[in-house]
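Pasted below: model20.tsv, TSV, C-alpha atoms and all ligand atoms.
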chain	number	residue	atom	x	y	z
A	23	ALA	CA	7.60	11.41	-5.09
A	24	ALA	CA	10.36	13.70	-3.81
A	25	ARG	CA	7.81	15.59	-1.72
A	26	LEU	CA	6.53	12.33	-0.26
A	27	LYS	CA	10.06	11.25	0.59
A	28	GLN	CA	10.66	14.57	2.30
A	29	GLY	CA	7.39	14.28	4.17
A	30	LEU	CA	8.41	10.87	5.46
A	31	THR	CA	11.85	12.02	6.58
A	32	LYS	CA	11.52	10.90	10.18
A	33	THR	CA	10.10	7.48	9.41
A	34	ARG	CA	12.80	7.11	6.79
A	35	GLN	CA	15.55	8.07	9.24
A	36	GLN	CA	14.33	5.45	11.64
A	37	PHE	CA	13.46	2.74	9.17
A	38	THR	CA	15.51	3.21	6.02
A	39	LYS	CA	18.84	3.66	7.75
A	40	GLN	CA	18.37	0.68	10.03
A	41	ILE	CA	17.25	-1.45	7.11
A	42	ALA	CA	20.29	-0.40	5.11
A	43	SER	CA	22.68	-1.42	7.87
A	44	LEU	CA	20.81	-4.66	8.38
A	45	PHE	CA	21.06	-5.79	4.80
A	46	GLY	CA	24.50	-4.37	4.09
A	47	GLY	CA	26.48	-7.56	4.49
A	48	GLY	CA	26.94	-10.76	6.47
A	49	GLN	CA	24.50	-13.60	6.11
A	50	ILE	CA	20.88	-14.46	6.60
A	51	ASP	CA	20.69	-15.99	10.06
A	52	GLU	CA	18.60	-15.88	13.24
A	53	ASP	CA	20.45	-12.77	14.45
A	54	LEU	CA	19.46	-10.95	11.30
A	55	TYR	CA	15.81	-11.94	11.69
A	56	GLU	CA	15.88	-10.76	15.28
A	57	GLU	CA	17.33	-7.42	14.32
A	58	LEU	CA	14.77	-7.11	11.56
A	59	GLU	CA	12.00	-7.81	14.04
A	60	THR	CA	13.29	-4.99	16.25
A	61	VAL	CA	13.38	-2.54	13.34
A	62	LEU	CA	9.80	-3.36	12.36
A	63	LEU	CA	8.55	-3.05	15.92
A	64	THR	CA	10.34	0.24	16.56
A	65	SER	CA	8.79	1.77	13.45
A	66	ASP	CA	5.41	1.00	15.06
A	67	MET	CA	4.23	-1.80	12.83
A	68	GLY	CA	2.93	-3.65	15.85
A	69	VAL	CA	3.23	-7.31	16.80
A	70	GLU	CA	0.68	-8.76	14.36
A	71	ALA	CA	2.04	-7.06	11.24
A	72	THR	CA	5.65	-7.69	12.28
A	73	THR	CA	4.97	-11.40	12.83
A	74	SER	CA	3.20	-11.71	9.52
A	75	LEU	CA	5.88	-9.82	7.58
A	76	LEU	CA	8.65	-11.90	9.14
A	77	LYS	CA	6.89	-15.14	8.32
A	78	ASN	CA	6.29	-14.03	4.75
A	79	VAL	CA	9.96	-13.08	4.34
A	80	ARG	CA	11.26	-16.31	5.96
A	81	ASP	CA	9.06	-18.41	3.69
A	82	LYS	CA	10.38	-16.63	0.61
A	83	VAL	CA	13.98	-16.99	1.74
A	84	THR	CA	13.50	-20.74	2.22
A	85	LEU	CA	11.52	-21.18	-0.98
A	86	ARG	CA	14.07	-19.33	-3.11
A	87	ASP	CA	17.07	-20.54	-1.11
A	88	LEU	CA	18.32	-16.97	-0.70
A	89	LYS	CA	21.71	-16.41	0.94
A	90	ASP	CA	22.37	-12.71	0.46
A	91	PRO	CA	20.86	-10.23	2.95
A	92	ALA	CA	20.44	-7.74	0.09
A	93	ALA	CA	17.94	-10.13	-1.51
A	94	LEU	CA	16.07	-10.27	1.77
A	95	LYS	CA	15.53	-6.52	1.56
A	96	GLY	CA	13.71	-6.98	-1.73
A	97	GLU	CA	11.51	-9.66	-0.19
A	98	LEU	CA	10.67	-7.40	2.74
A	99	LYS	CA	9.73	-4.60	0.39
A	100	ASP	CA	7.42	-6.89	-1.56
A	101	ALA	CA	5.87	-8.30	1.60
A	102	LEU	CA	5.17	-4.82	2.98
A	103	CYS	CA	3.66	-3.72	-0.30
A	104	GLU	CA	1.42	-6.77	-0.37
A	105	LEU	CA	0.32	-6.13	3.22
A	106	ILE	CA	-0.66	-2.47	2.83
A	107	GLN	CA	-1.93	-2.62	-0.76
A	108	PRO	CA	-5.54	-3.35	0.32
A	109	LEU	CA	-5.63	0.04	2.07
A	110	GLU	CA	-5.13	1.82	-1.24
A	111	GLN	CA	-8.66	2.70	-2.30
A	112	PRO	CA	-8.81	6.32	-3.42
A	113	LEU	CA	-11.97	8.19	-2.51
A	114	ASN	CA	-14.37	8.75	-5.40
A	115	VAL	CA	-16.95	11.44	-4.68
A	116	SER	CA	-18.67	11.26	-8.06
A	117	THR	CA	-20.99	8.44	-7.05
A	118	HIS	CA	-23.54	10.66	-5.26
A	119	HIS	CA	-24.71	14.21	-5.49
A	120	PRO	CA	-24.22	15.75	-3.03
A	121	PHE	CA	-21.57	13.39	-1.67
A	122	VAL	CA	-21.73	13.63	2.12
A	123	ILE	CA	-18.60	13.04	4.19
A	124	MET	CA	-18.57	12.89	7.99
A	125	MET	CA	-15.27	13.66	9.68
A	126	VAL	CA	-14.64	12.07	13.07
A	127	GLY	CA	-11.71	11.66	15.44
A	128	VAL	CA	-10.14	12.61	18.74
A	129	ASN	CA	-9.21	16.22	19.57
A	130	GLY	CA	-6.09	17.50	17.88
A	131	ALA	CA	-5.87	14.68	15.32
A	132	GLY	CA	-6.07	17.22	12.50
A	133	LYS	CA	-9.75	17.15	11.59
A	134	THR	CA	-10.20	20.85	10.97
A	135	THR	CA	-6.94	21.14	9.07
A	136	SER	CA	-7.86	18.12	6.96
A	137	ILE	CA	-11.24	19.66	6.14
A	138	GLY	CA	-9.40	22.69	4.77
A	139	LYS	CA	-7.05	20.53	2.74
A	140	LEU	CA	-9.86	18.30	1.46
A	141	THR	CA	-11.89	21.33	0.39
A	142	HIS	CA	-8.89	22.56	-1.56
A	143	TYR	CA	-8.41	19.09	-3.06
A	144	PHE	CA	-12.03	18.77	-4.23
A	145	GLN	CA	-12.11	22.34	-5.53
A	146	SER	CA	-8.99	21.65	-7.56
A	147	GLN	CA	-11.01	18.86	-9.19
A	148	GLY	CA	-13.66	21.43	-10.12
A	149	LYS	CA	-16.12	20.39	-7.42
A	150	SER	CA	-18.17	22.70	-5.22
A	151	VAL	CA	-17.91	22.17	-1.47
A	152	LEU	CA	-20.06	23.11	1.51
A	153	LEU	CA	-18.97	22.77	5.12
A	154	ALA	CA	-21.04	21.92	8.19
A	155	ALA	CA	-19.66	23.25	11.48
A	156	GLY	CA	-20.74	20.26	13.50
A	157	ASP	CA	-18.26	20.80	16.32
A	158	THR	CA	-20.77	22.62	18.50
A	159	PHE	CA	-18.75	22.03	21.68
A	160	ARG	CA	-15.93	24.42	20.96
A	161	ALA	CA	-16.98	27.88	19.78
A	162	ALA	CA	-13.40	28.28	18.55
A	163	ALA	CA	-13.80	25.33	16.19
A	164	ARG	CA	-16.87	26.93	14.62
A	165	GLU	CA	-15.10	30.29	14.32
A	166	GLN	CA	-12.07	28.60	12.77
A	167	LEU	CA	-14.22	26.90	10.16
A	168	LEU	CA	-16.22	30.08	9.43
A	169	ALA	CA	-13.04	32.12	9.02
A	170	TRP	CA	-11.57	29.48	6.77
A	171	GLY	CA	-14.74	29.40	4.66
A	172	ASP	CA	-14.67	33.20	4.37
A	173	ARG	CA	-11.11	33.28	3.13
A	174	ASN	CA	-11.70	30.53	0.61
A	175	ASN	CA	-15.18	31.43	-0.55
A	176	VAL	CA	-16.80	28.30	0.78
A	177	THR	CA	-20.23	28.32	2.45
A	178	VAL	CA	-20.19	27.16	6.06
A	179	ILE	CA	-23.42	26.16	7.76
A	180	ALA	CA	-23.19	26.88	11.49
A	181	GLN	CA	-25.40	27.45	14.52
A	182	ASP	CA	-24.73	29.16	17.82
A	183	GLY	CA	-24.26	26.27	20.21
A	184	GLY	CA	-26.96	23.80	19.33
A	185	ASP	CA	-27.14	20.30	18.08
A	186	PRO	CA	-24.49	18.87	15.72
A	187	ALA	CA	-27.11	16.64	14.10
A	188	ALA	CA	-29.26	19.69	13.30
A	189	VAL	CA	-26.28	21.47	11.74
A	190	ALA	CA	-25.57	18.44	9.54
A	191	PHE	CA	-29.25	18.21	8.56
A	192	ASP	CA	-29.37	21.90	7.58
A	193	ALA	CA	-26.12	21.61	5.66
A	194	ILE	CA	-27.36	18.71	3.55
A	195	HIS	CA	-30.56	20.56	2.71
A	196	ALA	CA	-28.61	23.68	1.80
A	197	ALA	CA	-26.28	21.59	-0.38
A	198	LYS	CA	-29.21	20.00	-2.22
A	199	ALA	CA	-30.86	23.38	-2.78
A	200	ARG	CA	-27.62	24.82	-4.17
A	201	GLY	CA	-26.51	21.85	-6.22
A	202	ILE	CA	-23.30	21.42	-4.21
A	203	ASP	CA	-21.04	18.45	-5.05
A	204	VAL	CA	-19.44	17.62	-1.70
A	205	VAL	CA	-20.57	18.26	1.90
A	206	LEU	CA	-17.95	17.96	4.64
A	207	VAL	CA	-19.45	17.57	8.10
A	208	ASP	CA	-17.07	18.48	10.91
A	209	THR	CA	-17.76	16.92	14.31
A	210	ALA	CA	-16.39	17.53	17.79
A	211	GLY	CA	-13.30	15.64	18.87
A	212	ARG	CA	-14.11	12.67	21.05
A	213	LEU	CA	-12.49	9.63	22.58
A	214	PRO	CA	-14.07	6.24	21.84
A	215	THR	CA	-14.25	5.74	25.62
A	216	GLN	CA	-16.59	8.74	26.01
A	217	LEU	CA	-19.74	6.73	25.53
A	218	HIS	CA	-22.22	9.61	25.56
A	219	LEU	CA	-20.21	11.35	22.84
A	220	MET	CA	-20.13	8.14	20.81
A	221	GLU	CA	-23.92	7.99	21.11
A	222	GLU	CA	-24.06	11.59	19.94
A	223	ILE	CA	-22.02	10.87	16.81
A	224	LYS	CA	-24.19	7.85	16.01
A	225	LYS	CA	-27.15	10.21	16.21
A	226	VAL	CA	-25.47	12.62	13.78
A	227	LYS	CA	-25.07	9.68	11.40
A	228	ARG	CA	-28.75	8.72	11.72
A	229	VAL	CA	-29.90	12.30	11.12
A	230	VAL	CA	-27.62	12.59	8.07
A	231	THR	CA	-29.43	9.53	6.70
A	232	LYS	CA	-32.76	11.24	7.38
A	233	ALA	CA	-31.67	14.27	5.38
A	234	GLU	CA	-30.41	12.08	2.52
A	235	PRO	CA	-31.28	8.36	2.54
A	236	THR	CA	-28.06	7.23	0.82
A	237	ALA	CA	-25.85	9.34	3.11
A	238	PRO	CA	-23.39	9.46	4.79
A	239	HIS	CA	-21.43	8.26	1.77
A	240	GLU	CA	-18.18	8.36	3.65
A	241	ILE	CA	-17.24	8.36	7.33
A	242	LEU	CA	-13.61	9.37	7.65
A	243	LEU	CA	-11.65	8.84	10.84
A	244	VAL	CA	-8.80	11.32	11.17
A	245	LEU	CA	-5.78	9.85	12.97
A	246	ASP	CA	-2.58	11.44	14.21
A	247	ALA	CA	0.32	9.21	13.15
A	248	ASN	CA	2.23	10.28	16.28
A	249	THR	CA	-0.11	8.19	18.39
A	250	GLY	CA	1.42	5.03	16.92
A	251	GLN	CA	-0.20	1.85	18.18
A	252	ASN	CA	-2.97	3.85	19.86
A	253	ALA	CA	-4.14	4.82	16.38
A	254	VAL	CA	-4.92	1.15	15.75
A	255	GLN	CA	-7.12	1.07	18.85
A	256	GLN	CA	-8.92	4.18	17.63
A	257	VAL	CA	-9.61	2.58	14.26
A	258	LYS	CA	-11.13	-0.47	15.94
A	259	ALA	CA	-13.27	1.52	18.37
A	260	PHE	CA	-14.60	4.05	15.85
A	261	ASP	CA	-15.16	1.33	13.27
A	262	ASP	CA	-17.14	-0.75	15.76
A	263	ALA	CA	-19.31	2.26	16.60
A	264	LEU	CA	-19.78	3.86	13.18
A	265	ASP	CA	-18.74	1.40	10.48
A	266	LEU	CA	-15.99	3.57	9.02
A	267	SER	CA	-15.44	3.78	5.28
A	268	GLY	CA	-12.07	5.49	5.32
A	269	LEU	CA	-9.11	6.92	7.21
A	270	ILE	CA	-6.92	9.98	7.03
A	271	LEU	CA	-3.52	9.59	8.68
A	272	THR	CA	-2.11	13.03	9.50
A	273	LYS	CA	1.29	14.34	10.59
A	274	LEU	CA	3.31	11.58	8.97
A	275	ASP	CA	5.89	14.32	8.38
A	276	GLY	CA	6.53	14.78	12.09
A	277	THR	CA	6.89	11.20	13.22
A	278	ALA	CA	8.96	8.05	12.90
A	279	LYS	CA	5.82	5.98	13.35
A	280	GLY	CA	4.82	5.58	9.69
A	281	GLY	CA	4.86	1.82	10.24
A	282	VAL	CA	1.47	2.14	11.90
A	283	ILE	CA	0.02	1.83	8.39
A	284	ALA	CA	1.14	-1.79	8.36
A	285	ALA	CA	-0.44	-2.35	11.76
A	286	ILE	CA	-3.76	-0.95	10.55
A	287	ALA	CA	-3.58	-3.08	7.40
A	288	LYS	CA	-3.13	-6.20	9.51
A	289	VAL	CA	-5.52	-5.50	12.37
A	290	ARG	CA	-8.40	-3.48	10.88
A	291	PRO	CA	-7.93	-2.75	7.16
A	292	VAL	CA	-10.16	0.29	6.71
A	293	PRO	CA	-9.22	2.05	3.43
A	294	LEU	CA	-6.56	4.72	3.96
A	295	ARG	CA	-7.93	7.48	1.75
A	296	PHE	CA	-5.37	10.21	2.44
A	297	ILE	CA	-2.09	10.81	4.26
A	298	GLY	CA	-1.00	14.17	5.67
A	299	VAL	CA	2.67	14.94	5.08
A	300	GLY	CA	2.84	18.63	6.06
A	301	GLU	CA	0.91	21.74	7.00
A	302	GLY	CA	0.44	23.16	3.49
A	303	LEU	CA	-2.89	22.87	1.64
A	304	ASP	CA	-1.26	20.51	-0.85
A	305	ASP	CA	0.12	18.26	1.84
A	306	LEU	CA	-2.81	15.87	1.93
A	307	ARG	CA	-2.21	13.10	-0.60
A	308	PRO	CA	-4.22	10.11	-1.73
A	309	PHE	CA	-2.50	7.06	-0.25
A	310	ILE	CA	-0.61	5.04	-2.86
A	311	ALA	CA	0.92	1.91	-1.31
A	312	ASN	CA	3.74	1.56	-3.83
A	313	ASP	CA	4.82	5.19	-3.51
A	314	PHE	CA	4.82	4.88	0.25
A	315	VAL	CA	6.96	1.73	0.26
A	316	ASN	CA	9.32	3.13	-2.37
A	317	ALA	CA	9.77	6.29	-0.31
A	318	LEU	CA	10.71	4.14	2.68
A	319	PHE	CA	13.15	1.85	0.92
A	320	ASP	CA	14.98	4.05	-1.57
A	401	LIG	P1	-8.57	18.92	15.26
A	401	LIG	O1	-8.66	19.20	16.73
A	401	LIG	O2	-8.68	17.46	14.99
A	401	LIG	O3	-9.49	19.73	14.43
A	401	LIG	O4	-7.07	19.30	14.86
A	401	LIG	P2	-6.50	20.52	13.99
A	401	LIG	O5	-6.97	20.41	12.59
A	401	LIG	O6	-6.76	21.79	14.71
A	401	LIG	O7	-4.94	20.18	13.97
A	401	LIG	C1	-4.13	20.16	15.12
A	401	LIG	C2	-2.72	20.57	14.74
A	401	LIG	O8	-2.13	19.61	13.89
A	401	LIG	C3	-2.64	21.89	14.01
A	401	LIG	O9	-1.57	22.64	14.51
A	401	LIG	C4	-2.36	21.48	12.56
A	401	LIG	O10	-1.63	22.45	11.84
A	401	LIG	C5	-1.55	20.23	12.74
A	401	LIG	N1	-1.63	19.29	11.59
A	401	LIG	C6	-2.73	18.72	11.06
A	401	LIG	N2	-2.40	17.89	10.04
A	401	LIG	C7	-1.05	17.95	9.92
A	401	LIG	C8	-0.08	17.29	9.06
A	401	LIG	O11	-0.38	16.46	8.18
A	401	LIG	N3	1.23	17.62	9.26
A	401	LIG	C9	1.61	18.51	10.23
A	401	LIG	N4	2.92	18.76	10.38
A	401	LIG	N5	0.74	19.10	11.05
A	401	LIG	C10	-0.58	18.85	10.90
Render the structure in this file as structure tokens.
Amino acid sequence: AARLKQGLTKTRQQFTKQIASLFGGGQIDEDLYEELETVLLTSDMGVEATTSLLKNVRDKVTLRDLKDPAALKGELKDALCELIQPLEQPLNVSTHHPFVIMMVGVNGAGKTTSIGKLTHYFQSQGKSVLLAAGDTFRAAAREQLLAWGDRNNVTVIAQDGGDPAAVAFDAIHAAKARGIDVVLVDTAGRLPTQLHLMEEIKKVKRVVTKAEPTAPHEILLVLDANTGQNAVQQVKAFDDALDLSGLILTKLDGTAKGGVIAAIAKVRPVPLRFIGVGEGLDDLRPFIANDFVNALFD
């Protein structure tokens, strides 16, 4: 919990301090609600989530006839918890064997780094992992994955240049032959507006299903928390194209925009499987709504 709090330092500085000053004294009036609205918006919760949280809090204040701003803080905390709770659905990879995960996202979101952290996470649960170097656009991405696999004793299936769908296909066959537990398929970074690249990723998905009819078992969109409201647009666009099953929100440690989680919960509630709170291998954590809210408020 201390590590999470530390990881959320910037969001906390923005949010927690403002909240504290807001609820420190005075009375519950329209000015207070307006200030609260500003705090929620500046922490990147977005208009929809902010409106819904404010309404929820106002209703409670009326219902319970609250007068003390300190009580309002408790109501806000509960309302936020209620809003983001549906995103808490930890990933269970025991349901299929091999369990095939496709990683998608825009360039620089933290896909490759997250693959490293996820591998470490699954290995620490005693599971074997195989990687597919499906980013065939950037030779450097393939090299990075191969080097990482070397250092950590993880097999990486790669091809010179070539077709990302073919790499994924080979990787799934190799995983079946070797009895591997989890396959992580890297893919090239792409913007949802790059239609040909979106067609390409849909093809990767179809070919994965050819290699293993129940797969992909998970399609994870990796998002950079720094992109704030733009992250919400990415969730919508990638979800429309691929039917996402989960999200990874990276770089929460470097941003004051942690409120984007509330925006995602309101606008497109795709399960938030993991949050990245630092560069270390251990800094990818399953998302626990209560822990997140507690770290923000205490
Ligand atoms: P990709 O293009 O999506 O594969 O992105 P990379 O995995 O190469 O990551 C881009 C940069 O973000 C690298 O410098 C990573 O170290 C950094 N990064 C990724 N996740 C996190 C995180 O949770 N916290 C921090 N501070 N940096 C991260």
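Comparing A:Thr135, A:Thr209, A:Thr249, A:Thr33 by their smallest distance to A:Gly156, the closest is A:Thr209 (using only C-alpha atoms).
Coordinates place atom CA of A:Phe309 at a distance of 10.0 Å from atom CA of A:Leu269.
The residues sitting within 6 Å of ligand LIG 401 (chain A), with only C-alpha atoms and all ligand atoms considered, come out as Asn129, Gly130, Ala131, Gly132, Lys133, Thr134, Thr135, Thr272, Lys273, Asp275, Gly276, Gly298, Val299, Gly300 and Glu301 of chain A.
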Deliver the residues from the most recent selection as a file, using C-alpha atoms, as a tab-separated table (two decimals), in the coordinates of the input.
chain	number	residue	atom	x	y	z
A	129	ASN	CA	-9.21	16.22	19.57
A	130	GLY	CA	-6.09	17.50	17.88
A	131	ALA	CA	-5.87	14.68	15.32
A	132	GLY	CA	-6.07	17.22	12.50
A	133	LYS	CA	-9.75	17.15	11.59
A	134	THR	CA	-10.20	20.85	10.97
A	135	THR	CA	-6.94	21.14	9.07
A	272	THR	CA	-2.11	13.03	9.50
A	273	LYS	CA	1.29	14.34	10.59
A	275	ASP	CA	5.89	14.32	8.38
A	276	GLY	CA	6.53	14.78	12.09
A	298	GLY	CA	-1.00	14.17	5.67
A	299	VAL	CA	2.67	14.94	5.08
A	300	GLY	CA	2.84	18.63	6.06
A	301	GLU	CA	0.91	21.74	7.00
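For stretch 286-290 of chain A, the list of residues within 10 Å, based on only C-alpha atoms and with local chain neighbours fewer than 4 positions off taken out, reads Met67, Gly68, Val69, Glu70, Ala71, Thr72, Ser74, Leu75, Leu102, Glu104, Leu105, Ile106, Gln107, Pro108, Leu109, Gln251, Ala253, Val254, Gln255, Val257, Lys258, Asp261, Gly281, Val282 and Leu294 of chain A.
In this model, the gap between atom CA of A:Asp182 and atom CA of A:Ala197 comes to 19.8 Å.
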Would you list the contacts of A:Gly211 as a count of residues only, taking every protein, DNA or RNA residue within 7 Å and counting only C-alpha atoms, but skipping same-chain residues closer than 6 positions in sequence?
4
As a list in words, please: the residues near A:Ile297 (cut-off 7 Å, all atoms listed in the file, same-chain neighbours under 4 positions excluded).
Ile270, Leu271, Thr272, Leu306, Arg307, Pro308 and Phe309 of chain A
Using all atoms listed in the file, which of A:Ala263, A:Leu153, A:Asp304, A:Arg160 sits nearest A:Ile179?
A:Leu153
Determine, counting only C-alpha atoms, which protein, DNA and RNA residues have an atom within 12 Å of an atom of stretch 200-206 of chain A; residues of the same chain fewer than 5 positions away are not included. Present the result as a tab-separated table (two decimals) with C-alpha atoms, in the frame of the given file.
chain	number	residue	atom	x	y	z
A	114	ASN	CA	-14.37	8.75	-5.40
A	115	VAL	CA	-16.95	11.44	-4.68
A	116	SER	CA	-18.67	11.26	-8.06
A	117	THR	CA	-20.99	8.44	-7.05
A	118	HIS	CA	-23.54	10.66	-5.26
A	119	HIS	CA	-24.71	14.21	-5.49
A	120	PRO	CA	-24.22	15.75	-3.03
A	121	PHE	CA	-21.57	13.39	-1.67
A	122	VAL	CA	-21.73	13.63	2.12
A	123	ILE	CA	-18.60	13.04	4.19
A	124	MET	CA	-18.57	12.89	7.99
A	125	MET	CA	-15.27	13.66	9.68
A	126	VAL	CA	-14.64	12.07	13.07
A	133	LYS	CA	-9.75	17.15	11.59
A	134	THR	CA	-10.20	20.85	10.97
A	136	SER	CA	-7.86	18.12	6.96
A	137	ILE	CA	-11.24	19.66	6.14
A	138	GLY	CA	-9.40	22.69	4.77
A	139	LYS	CA	-7.05	20.53	2.74
A	140	LEU	CA	-9.86	18.30	1.46
A	141	THR	CA	-11.89	21.33	0.39
A	142	HIS	CA	-8.89	22.56	-1.56
A	143	TYR	CA	-8.41	19.09	-3.06
A	144	PHE	CA	-12.03	18.77	-4.23
A	145	GLN	CA	-12.11	22.34	-5.53
A	147	GLN	CA	-11.01	18.86	-9.19
A	148	GLY	CA	-13.66	21.43	-10.12
A	149	LYS	CA	-16.12	20.39	-7.42
A	150	SER	CA	-18.17	22.70	-5.22
A	151	VAL	CA	-17.91	22.17	-1.47
A	152	LEU	CA	-20.06	23.11	1.51
A	153	LEU	CA	-18.97	22.77	5.12
A	154	ALA	CA	-21.04	21.92	8.19
A	155	ALA	CA	-19.66	23.25	11.48
A	156	GLY	CA	-20.74	20.26	13.50
A	167	LEU	CA	-14.22	26.90	10.16
A	171	GLY	CA	-14.74	29.40	4.66
A	176	VAL	CA	-16.80	28.30	0.78
A	177	THR	CA	-20.23	28.32	2.45
A	178	VAL	CA	-20.19	27.16	6.06
A	179	ILE	CA	-23.42	26.16	7.76
A	189	VAL	CA	-26.28	21.47	11.74
A	190	ALA	CA	-25.57	18.44	9.54
A	191	PHE	CA	-29.25	18.21	8.56
A	192	ASP	CA	-29.37	21.90	7.58
A	193	ALA	CA	-26.12	21.61	5.66
A	194	ILE	CA	-27.36	18.71	3.55
A	195	HIS	CA	-30.56	20.56	2.71
A	230	VAL	CA	-27.62	12.59	8.07
A	234	GLU	CA	-30.41	12.08	2.52
A	237	ALA	CA	-25.85	9.34	3.11
A	238	PRO	CA	-23.39	9.46	4.79
A	239	HIS	CA	-21.43	8.26	1.77
A	240	GLU	CA	-18.18	8.36	3.65
A	241	ILE	CA	-17.24	8.36	7.33
A	242	LEU	CA	-13.61	9.37	7.65
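Candidate residues A:Lys89, A:Ser267, A:Asn78, A:Gln35 were compared for distance to A:Cys103, and the nearest is A:Asn78, using all atoms listed in the file.
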